[in-house]
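Here the structure is laid out as structure tokens; the discussion comes afterwards.
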Amino acid sequence: PPPVPSVMSGTVQEGTALEVKDKDIHAKSIAKFDTYNFKLNETFEAGDTMLTVADAGAFGGAGVDWSRITVDRSGLSSDYFAGIHGICRVVVLKSKAPMALHFTNYAIRIFDATDTHESALMTDTDKDTASSIEWVVNRFRGSHVIYDGSRSTEREWGEAFGGISYDGHTTMDNVLTVTGVNGVDDPMYATGGKNEGVLGDVIENKAIIDLKNTKDVVKEIYGGLATNEHNTGIVRGNTVVMKNGTTERIYGGYTYGTGAVTHNTVQFAGGTST
């Protein structure tokens with residue numbers, strides 16, 4: 001990483017802002033700014049980190065008011081969003097020490113959705129004490145993801161998915177193809193299209209399981225899934241294609257809510273369900 005500079009410090013008064021425009025920046029700490037602005041551009045990819053601090057600085061103790069943290073997305077085009085499949089997390093601020101960042105008046109900040117994507121600014125814990133701040137983009141329509149086991153799904157709680165909606169949009173026309181596992185229970189779940197909101201349908205999504213090793217296990221597989229018990233949307237026309245590997249449970253479509261589940265299919269071309 002670049003050399004660690006001295007403390008970044010301003011004066012707490014109206015109009016005094018720290019503006020971060022690049023990635024892989026390291027600082028000892030940041031303090032005494034009125035606002036903290038992170039300007040995104042189209043070079044950023046999933047997993048990038050903009051600013052890492054060694055000490056919490058202003059974010060220690062009582063912390064910083066969440067309203068003083070801003071993200072400028074004006075430099076992002078529709079073409080940039082079109083290239084995002086599944087989920088993309090860009091860390092705008094990270095502390096080297098775990099759980100060292102503190103905020104007052106914290107609440108996830110949800111931005112206006114496009115026809116295909118949702119995005120939000122949140123902490124990694126979605127609470128007022130955290131290790132990082134993240135800009136998160138997820139695709140709920142037309143997403144195509146291939147998971148080959150080369151990375152862990154721990155950040156997604158052991159799940160690989162094609163498309164997902166957290167904010168009540170219809171999850172539709174997403175495809176997940178799983179060709180490998182990272183280890184035992186990684187992933188534990190594979191889902192073509194998932195909806196975690198109270199609203200929104202789950203329509204015509206697909207999960208394809210084609211593991212290189214027949215004995216590799218993905219415990220639960222869903223073509224389409226609605227997880228919120230209050231969701232009233234329909235789960236329709238979703239498909240699982242099992243080509244190779246082992247699973248314990250396999251569902252074309254499933255809901256934990258109250259909506260209709262119809263015309264979902266499971267196709268076995270190989271593999272084993274125990």
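Labeling convention for the structure tokens: chains A, B, ... as they appear, residues from 1 per chain, ligands from 1 in order of appearance.
Residues in contact with Asp65 of chain A at 9 Å, where only C-alpha atoms are counted and same-chain residues fewer than 6 positions away are skipped, are listed as His102, Phe103, Thr104, Asn105 and Tyr106 of chain A.
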Write the residues of the selection above to a file with C-alpha atoms, as a PDB file, in the first residue's frame.
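This is the output file again-v3.pdb:
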ATOM      1  CA  HIS A 102     -18.976   4.453  15.577  1.00  0.00           C
ATOM      2  CA  PHE A 103     -21.934   6.446  14.271  1.00  0.00           C
ATOM      3  CA  THR A 104     -24.860   8.361  15.690  1.00  0.00           C
ATOM      4  CA  ASN A 105     -28.281   8.391  13.986  1.00  0.00           C
ATOM      5  CA  TYR A 106     -27.327   5.426  11.829  1.00  0.00           C
TER       6      TYR A 106
END
Near segment 26-40 of chain A, 9 Å: segment 51-124 of chain A residue rows, closest pairs, only C-alpha atoms, as JSON lines:
{"residue": "A:Leu51", "atom": "CA", "partner": "A:His26", "partner_atom": "CA", "distance": 5.7}
{"residue": "A:Thr52", "atom": "CA", "partner": "A:His26", "partner_atom": "CA", "distance": 4.9}
{"residue": "A:Val53", "atom": "CA", "partner": "A:Ala27", "partner_atom": "CA", "distance": 4.9}
{"residue": "A:Ala54", "atom": "CA", "partner": "A:Lys28", "partner_atom": "CA", "distance": 4.8}
{"residue": "A:Asp55", "atom": "CA", "partner": "A:Ser29", "partner_atom": "CA", "distance": 5.0}
{"residue": "A:Ala56", "atom": "CA", "partner": "A:Ser29", "partner_atom": "CA", "distance": 6.0}
{"residue": "A:Gly57", "atom": "CA", "partner": "A:Ser29", "partner_atom": "CA", "distance": 5.1}
{"residue": "A:Ala58", "atom": "CA", "partner": "A:Ala31", "partner_atom": "CA", "distance": 4.5}
{"residue": "A:Phe59", "atom": "CA", "partner": "A:Ala31", "partner_atom": "CA", "distance": 7.8}
{"residue": "A:Ser67", "atom": "CA", "partner": "A:Thr35", "partner_atom": "CA", "distance": 8.4}
{"residue": "A:Arg68", "atom": "CA", "partner": "A:Thr35", "partner_atom": "CA", "distance": 4.6}
{"residue": "A:Ile69", "atom": "CA", "partner": "A:Tyr36", "partner_atom": "CA", "distance": 5.0}
{"residue": "A:Thr70", "atom": "CA", "partner": "A:Asn37", "partner_atom": "CA", "distance": 4.8}
{"residue": "A:Val71", "atom": "CA", "partner": "A:Phe38", "partner_atom": "CA", "distance": 4.8}
{"residue": "A:Asp72", "atom": "CA", "partner": "A:Lys39", "partner_atom": "CA", "distance": 4.6}
{"residue": "A:Arg73", "atom": "CA", "partner": "A:Leu40", "partner_atom": "CA", "distance": 5.6}
{"residue": "A:Ser74", "atom": "CA", "partner": "A:Leu40", "partner_atom": "CA", "distance": 7.7}
{"residue": "A:Gly75", "atom": "CA", "partner": "A:Leu40", "partner_atom": "CA", "distance": 6.4}
{"residue": "A:Leu76", "atom": "CA", "partner": "A:Leu40", "partner_atom": "CA", "distance": 7.2}
{"residue": "A:Val92", "atom": "CA", "partner": "A:Phe38", "partner_atom": "CA", "distance": 6.6}
{"residue": "A:Leu93", "atom": "CA", "partner": "A:Phe38", "partner_atom": "CA", "distance": 8.7}
Within 6 Å of segment 233-242 of chain A, counting only C-alpha atoms, which residues show up once you throw out same-chain ones fewer than 3 positions away? Write them as a ChimeraX atom specification, please.
/A:200-209,223-224,252-253,259-269
What does the file look like for those residues with N, CA, C and O atoms, as an mmCIF file, in the first residue's frame?
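After the write, out-v7.cif holds the following:
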data_model
loop_
_atom_site.group_PDB
_atom_site.id
_atom_site.type_symbol
_atom_site.label_atom_id
_atom_site.label_comp_id
_atom_site.auth_asym_id
_atom_site.auth_seq_id
_atom_site.Cartn_x
_atom_site.Cartn_y
_atom_site.Cartn_z
ATOM 1 N N GLY A 200 -42.802 -7.821 -3.852
ATOM 2 C CA GLY A 200 -42.011 -8.314 -4.968
ATOM 3 C C GLY A 200 -42.200 -9.789 -5.246
ATOM 4 O O GLY A 200 -42.232 -10.614 -4.335
ATOM 5 N N ASP A 201 -42.327 -10.115 -6.535
ATOM 6 C CA ASP A 201 -42.472 -11.498 -6.966
ATOM 7 C C ASP A 201 -41.099 -12.107 -7.250
ATOM 8 O O ASP A 201 -40.073 -11.415 -7.273
ATOM 9 N N VAL A 202 -41.106 -13.422 -7.491
ATOM 10 C CA VAL A 202 -39.899 -14.156 -7.874
ATOM 11 C C VAL A 202 -40.277 -14.981 -9.108
ATOM 12 O O VAL A 202 -40.970 -15.987 -8.996
ATOM 13 N N ILE A 203 -39.824 -14.539 -10.271
ATOM 14 C CA ILE A 203 -40.352 -15.081 -11.528
ATOM 15 C C ILE A 203 -39.222 -15.466 -12.492
ATOM 16 O O ILE A 203 -38.301 -14.670 -12.743
ATOM 17 N N GLU A 204 -39.300 -16.693 -12.992
ATOM 18 C CA GLU A 204 -38.466 -17.171 -14.099
ATOM 19 C C GLU A 204 -36.971 -17.009 -13.841
ATOM 20 O O GLU A 204 -36.219 -16.495 -14.682
ATOM 21 N N ASN A 205 -36.552 -17.461 -12.680
ATOM 22 C CA ASN A 205 -35.132 -17.517 -12.345
ATOM 23 C C ASN A 205 -34.648 -18.962 -12.467
ATOM 24 O O ASN A 205 -35.445 -19.906 -12.446
ATOM 25 N N LYS A 206 -33.336 -19.133 -12.549
ATOM 26 C CA LYS A 206 -32.805 -20.478 -12.754
ATOM 27 C C LYS A 206 -31.503 -20.674 -11.979
ATOM 28 O O LYS A 206 -30.650 -19.792 -11.942
ATOM 29 N N ALA A 207 -31.373 -21.866 -11.372
ATOM 30 C CA ALA A 207 -30.121 -22.301 -10.765
ATOM 31 C C ALA A 207 -29.652 -23.559 -11.485
ATOM 32 O O ALA A 207 -30.407 -24.532 -11.601
ATOM 33 N N ILE A 208 -28.419 -23.523 -11.953
ATOM 34 C CA ILE A 208 -27.817 -24.669 -12.651
ATOM 35 C C ILE A 208 -26.657 -25.176 -11.807
ATOM 36 O O ILE A 208 -25.726 -24.420 -11.494
ATOM 37 N N ILE A 209 -26.715 -26.438 -11.413
ATOM 38 C CA ILE A 209 -25.670 -27.025 -10.576
ATOM 39 C C ILE A 209 -24.905 -28.042 -11.413
ATOM 40 O O ILE A 209 -25.452 -29.082 -11.815
ATOM 41 N N GLY A 223 -34.494 -22.619 -7.331
ATOM 42 C CA GLY A 223 -34.592 -21.828 -8.550
ATOM 43 C C GLY A 223 -35.014 -20.407 -8.219
ATOM 44 O O GLY A 223 -34.413 -19.429 -8.667
ATOM 45 N N GLY A 224 -36.072 -20.278 -7.412
ATOM 46 C CA GLY A 224 -36.547 -18.984 -6.938
ATOM 47 C C GLY A 224 -36.969 -19.087 -5.484
ATOM 48 O O GLY A 224 -37.535 -20.106 -5.069
ATOM 49 N N GLY A 252 -37.729 -26.103 -7.034
ATOM 50 C CA GLY A 252 -37.870 -25.197 -8.165
ATOM 51 C C GLY A 252 -38.237 -23.804 -7.688
ATOM 52 O O GLY A 252 -37.666 -22.801 -8.116
ATOM 53 N N GLY A 253 -39.200 -23.718 -6.766
ATOM 54 C CA GLY A 253 -39.607 -22.449 -6.176
ATOM 55 C C GLY A 253 -40.088 -22.658 -4.753
ATOM 56 O O GLY A 253 -40.650 -23.717 -4.432
ATOM 57 N N GLY A 259 -47.596 -15.905 -0.585
ATOM 58 C CA GLY A 259 -47.930 -15.853 -1.997
ATOM 59 C C GLY A 259 -47.991 -17.228 -2.644
ATOM 60 O O GLY A 259 -47.477 -18.226 -2.114
ATOM 61 N N ALA A 260 -48.614 -17.295 -3.817
ATOM 62 C CA ALA A 260 -48.758 -18.551 -4.546
ATOM 63 C C ALA A 260 -47.410 -19.007 -5.098
ATOM 64 O O ALA A 260 -46.587 -18.199 -5.525
ATOM 65 N N VAL A 261 -47.203 -20.320 -5.092
ATOM 66 C CA VAL A 261 -46.003 -20.937 -5.654
ATOM 67 C C VAL A 261 -46.467 -21.879 -6.762
ATOM 68 O O VAL A 261 -47.060 -22.922 -6.497
ATOM 69 N N THR A 262 -46.220 -21.509 -8.021
ATOM 70 C CA THR A 262 -46.787 -22.269 -9.148
ATOM 71 C C THR A 262 -45.794 -22.415 -10.288
ATOM 72 O O THR A 262 -44.934 -21.564 -10.504
ATOM 73 N N HIS A 263 -45.922 -23.533 -11.011
ATOM 74 C CA HIS A 263 -45.212 -23.763 -12.276
ATOM 75 C C HIS A 263 -43.697 -23.652 -12.132
ATOM 76 O O HIS A 263 -43.007 -23.121 -13.014
ATOM 77 N N ASN A 264 -43.182 -24.144 -11.030
ATOM 78 C CA ASN A 264 -41.738 -24.225 -10.829
ATOM 79 C C ASN A 264 -41.279 -25.659 -11.098
ATOM 80 O O ASN A 264 -42.028 -26.606 -10.841
ATOM 81 N N THR A 265 -40.072 -25.834 -11.598
ATOM 82 C CA THR A 265 -39.637 -27.166 -12.004
ATOM 83 C C THR A 265 -38.229 -27.488 -11.528
ATOM 84 O O THR A 265 -37.401 -26.595 -11.313
ATOM 85 N N VAL A 266 -37.979 -28.789 -11.377
ATOM 86 C CA VAL A 266 -36.641 -29.319 -11.111
ATOM 87 C C VAL A 266 -36.328 -30.316 -12.213
ATOM 88 O O VAL A 266 -37.108 -31.238 -12.466
ATOM 89 N N GLN A 267 -35.190 -30.125 -12.857
ATOM 90 C CA GLN A 267 -34.769 -31.012 -13.944
ATOM 91 C C GLN A 267 -33.493 -31.740 -13.532
ATOM 92 O O GLN A 267 -32.480 -31.101 -13.232
ATOM 93 N N PHE A 268 -33.560 -33.070 -13.527
ATOM 94 C CA PHE A 268 -32.380 -33.879 -13.191
ATOM 95 C C PHE A 268 -31.743 -34.404 -14.467
ATOM 96 O O PHE A 268 -32.335 -35.190 -15.190
ATOM 97 N N ALA A 269 -30.511 -33.964 -14.720
ATOM 98 C CA ALA A 269 -29.737 -34.511 -15.812
ATOM 99 C C ALA A 269 -28.543 -35.288 -15.280
ATOM 100 O O ALA A 269 -27.722 -35.791 -16.043
#
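Surrounding segment 243-250 of chain A within 8 Å are Ile208, Ile209, Asp210, Leu211, Lys212, Asn213, Thr214, Lys215, Asp216, Val217, Val218, Lys219, Glu220, Ile221, Tyr222, Val266, Phe268, Ala269, Gly270, Gly271, Thr272, Ser273 and Thr274 of chain A, with only C-alpha atoms counted and residues fewer than 6 positions along the same chain left out.
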Counting only C-alpha atoms, which residues of segment 160-195 of chain A fall within 6 Å of segment 126-147 of chain A, and what is the closest atom pair for each with its distance in Å at one decimal, ordered by chain and rising number, as CSV?
residue,atom,partner,partner_atom,distance
A:Gly162,CA,A:Val145,CA,5.2
A:Gly163,CA,A:Phe140,CA,4.7
A:Ile164,CA,A:Phe140,CA,4.7
A:Ser165,CA,A:Phe140,CA,5.2
A:Thr171,CA,A:Phe140,CA,4.9
A:Met172,CA,A:Arg141,CA,4.9
A:Asp173,CA,A:Gly142,CA,5.0
A:Asn174,CA,A:Ser143,CA,4.7
A:Val175,CA,A:His144,CA,4.8
A:Leu176,CA,A:Val145,CA,4.9
A:Thr177,CA,A:Ile146,CA,4.7
A:Val178,CA,A:Tyr147,CA,4.8
Expressed in Å to a single decimal, how great is the separation between atom CA of Ala160 of chain A and atom CA of Thr191 of chain A?
6.4 Å
Write down as an NGL selection string the residues of segment 98-200 of chain A whose backbone DSSP state falls under strand (DSSP E or B).
:A and (101-104 or 109-110 or 117-123 or 129-130 or 132-139 or 141 or 144-147 or 159-165 or 171-172 or 175-178 or 183 or 186 or 189-195)
Expressed in Å, the length from atom CA of Arg109 of chain A to atom CA of Thr123 of chain A is 9.9 Å
12 Å contact set for Asp112 of chain A, only C-alpha atoms, chain neighbours under 3 positions out, as an MDAnalysis selection string
chainID A and resid 73 109 115:121 137 167 169
Give me the residues within 9 Å of Gly257 of chain A as number ranges by chain, counting only C-alpha atoms and dropping any in the same chain fewer than 6 places off.
A: 198, 226-233
Residues from the last selection, all heavy atoms, saved as a tab-separated table (two decimals), in the first residue's frame:
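And here is the file that came out, again_11.tsv:
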chain	number	residue	atom	x	y	z
A	198	VAL	N	-40.77	-7.49	1.69
A	198	VAL	CA	-42.18	-7.77	1.95
A	198	VAL	C	-42.94	-7.80	0.63
A	198	VAL	O	-43.90	-8.57	0.47
A	198	VAL	CB	-42.77	-6.70	2.89
A	198	VAL	CG1	-44.27	-6.89	3.05
A	198	VAL	CG2	-42.08	-6.75	4.24
A	226	ALA	N	-38.49	-16.70	-1.96
A	226	ALA	CA	-38.91	-15.52	-1.20
A	226	ALA	C	-38.74	-15.84	0.28
A	226	ALA	O	-39.33	-16.80	0.78
A	226	ALA	CB	-40.36	-15.17	-1.51
A	227	THR	N	-37.92	-15.06	0.99
A	227	THR	CA	-37.53	-15.42	2.36
A	227	THR	C	-38.32	-14.70	3.44
A	227	THR	O	-38.31	-15.13	4.59
A	227	THR	CB	-36.04	-15.14	2.59
A	227	THR	OG1	-35.79	-13.74	2.39
A	227	THR	CG2	-35.18	-15.95	1.63
A	228	ASN	N	-39.00	-13.61	3.09
A	228	ASN	CA	-39.69	-12.83	4.12
A	228	ASN	C	-41.06	-13.44	4.42
A	228	ASN	O	-41.86	-13.67	3.52
A	228	ASN	CB	-39.84	-11.38	3.65
A	228	ASN	CG	-40.25	-10.44	4.76
A	228	ASN	OD1	-41.25	-10.65	5.43
A	228	ASN	ND2	-39.46	-9.40	4.96
A	229	GLU	N	-41.32	-13.69	5.69
A	229	GLU	CA	-42.59	-14.34	6.05
A	229	GLU	C	-43.80	-13.48	5.74
A	229	GLU	O	-44.93	-13.97	5.67
A	229	GLU	CB	-42.57	-14.71	7.53
A	229	GLU	CG	-42.52	-13.53	8.48
A	229	GLU	CD	-42.53	-13.94	9.94
A	229	GLU	OE1	-42.57	-15.15	10.21
A	229	GLU	OE2	-42.50	-13.05	10.81
A	230	HIS	N	-43.60	-12.19	5.52
A	230	HIS	CA	-44.70	-11.29	5.19
A	230	HIS	C	-44.82	-11.04	3.69
A	230	HIS	O	-45.70	-10.27	3.25
A	230	HIS	CB	-44.52	-9.95	5.92
A	230	HIS	CG	-44.45	-10.09	7.42
A	230	HIS	ND1	-45.52	-10.53	8.17
A	230	HIS	CD2	-43.43	-9.85	8.28
A	230	HIS	CE1	-45.16	-10.55	9.46
A	230	HIS	NE2	-43.91	-10.16	9.54
A	231	ASN	N	-43.96	-11.65	2.91
A	231	ASN	CA	-44.00	-11.44	1.46
A	231	ASN	C	-45.27	-12.06	0.87
A	231	ASN	O	-45.60	-13.21	1.15
A	231	ASN	CB	-42.77	-12.07	0.80
A	231	ASN	CG	-42.74	-11.85	-0.70
A	231	ASN	OD1	-43.40	-12.54	-1.45
A	231	ASN	ND2	-41.96	-10.87	-1.13
A	232	THR	N	-45.97	-11.29	0.05
A	232	THR	CA	-47.22	-11.76	-0.57
A	232	THR	C	-47.06	-12.03	-2.06
A	232	THR	O	-48.03	-12.35	-2.74
A	232	THR	CB	-48.33	-10.73	-0.37
A	232	THR	OG1	-47.91	-9.47	-0.94
A	232	THR	CG2	-48.63	-10.52	1.11
A	233	GLY	N	-45.84	-11.88	-2.58
A	233	GLY	CA	-45.61	-12.03	-4.00
A	233	GLY	C	-45.68	-13.48	-4.45
A	233	GLY	O	-45.57	-14.42	-3.66
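For the atom pair formed by atom CA of Ser95 of chain A and atom CA of Gly83 of chain A, the distance is 28.8 Å, given to one decimal.
Take the candidates A:Thr255, A:Asp124, A:Thr153, A:Ala46 and check each one against Asn195 of chain A using only C-alpha atoms; the shortest distance goes to A:Thr255.
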Name the residues in contact with Ser150 of chain A at a cut-off of 12 Å, using only C-alpha atoms, excluding same-chain residues fewer than 5 positions from it; report them as number ranges by chain.
A: 178-183, 186-187
Keeping only N, CA and C atoms, take the residues you just selected and write them out as a PDB file, in the first residue's frame.
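Writing done, so here's out-v7.pdb:
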ATOM      1  N   VAL A 178     -23.436 -22.923 -10.756  1.00  0.00           N
ATOM      2  CA  VAL A 178     -22.427 -23.308  -9.759  1.00  0.00           C
ATOM      3  C   VAL A 178     -21.612 -24.461 -10.336  1.00  0.00           C
ATOM      4  N   THR A 179     -20.284 -24.243 -10.457  1.00  0.00           N
ATOM      5  CA  THR A 179     -19.413 -25.264 -11.029  1.00  0.00           C
ATOM      6  C   THR A 179     -18.389 -25.801 -10.027  1.00  0.00           C
ATOM      7  N   GLY A 180     -18.328 -25.196  -8.820  1.00  0.00           N
ATOM      8  CA  GLY A 180     -17.378 -25.660  -7.816  1.00  0.00           C
ATOM      9  C   GLY A 180     -17.739 -25.147  -6.447  1.00  0.00           C
ATOM     10  N   VAL A 181     -17.117 -25.701  -5.407  1.00  0.00           N
ATOM     11  CA  VAL A 181     -17.316 -25.249  -4.035  1.00  0.00           C
ATOM     12  C   VAL A 181     -15.987 -24.780  -3.475  1.00  0.00           C
ATOM     13  N   ASN A 182     -16.049 -23.869  -2.504  1.00  0.00           N
ATOM     14  CA  ASN A 182     -14.852 -23.348  -1.854  1.00  0.00           C
ATOM     15  C   ASN A 182     -14.418 -24.221  -0.689  1.00  0.00           C
ATOM     16  N   GLY A 183     -15.348 -25.020  -0.177  1.00  0.00           N
ATOM     17  CA  GLY A 183     -15.096 -25.901   0.951  1.00  0.00           C
ATOM     18  C   GLY A 183     -16.412 -26.447   1.467  1.00  0.00           C
ATOM     19  N   ASP A 186     -19.690 -24.225   1.747  1.00  0.00           N
ATOM     20  CA  ASP A 186     -19.302 -22.964   1.129  1.00  0.00           C
ATOM     21  C   ASP A 186     -19.321 -23.119  -0.397  1.00  0.00           C
ATOM     22  N   PRO A 187     -20.505 -22.923  -1.028  1.00  0.00           N
ATOM     23  CA  PRO A 187     -21.747 -22.432  -0.419  1.00  0.00           C
ATOM     24  C   PRO A 187     -22.598 -23.552   0.172  1.00  0.00           C
TER      25      PRO A 187
END
Of the candidates A:Glu196, A:Val90, A:Ala62, A:Ser78, which shows the shortest atom-to-atom distance to Met50 of chain A, using only C-alpha atoms?
A:Val90
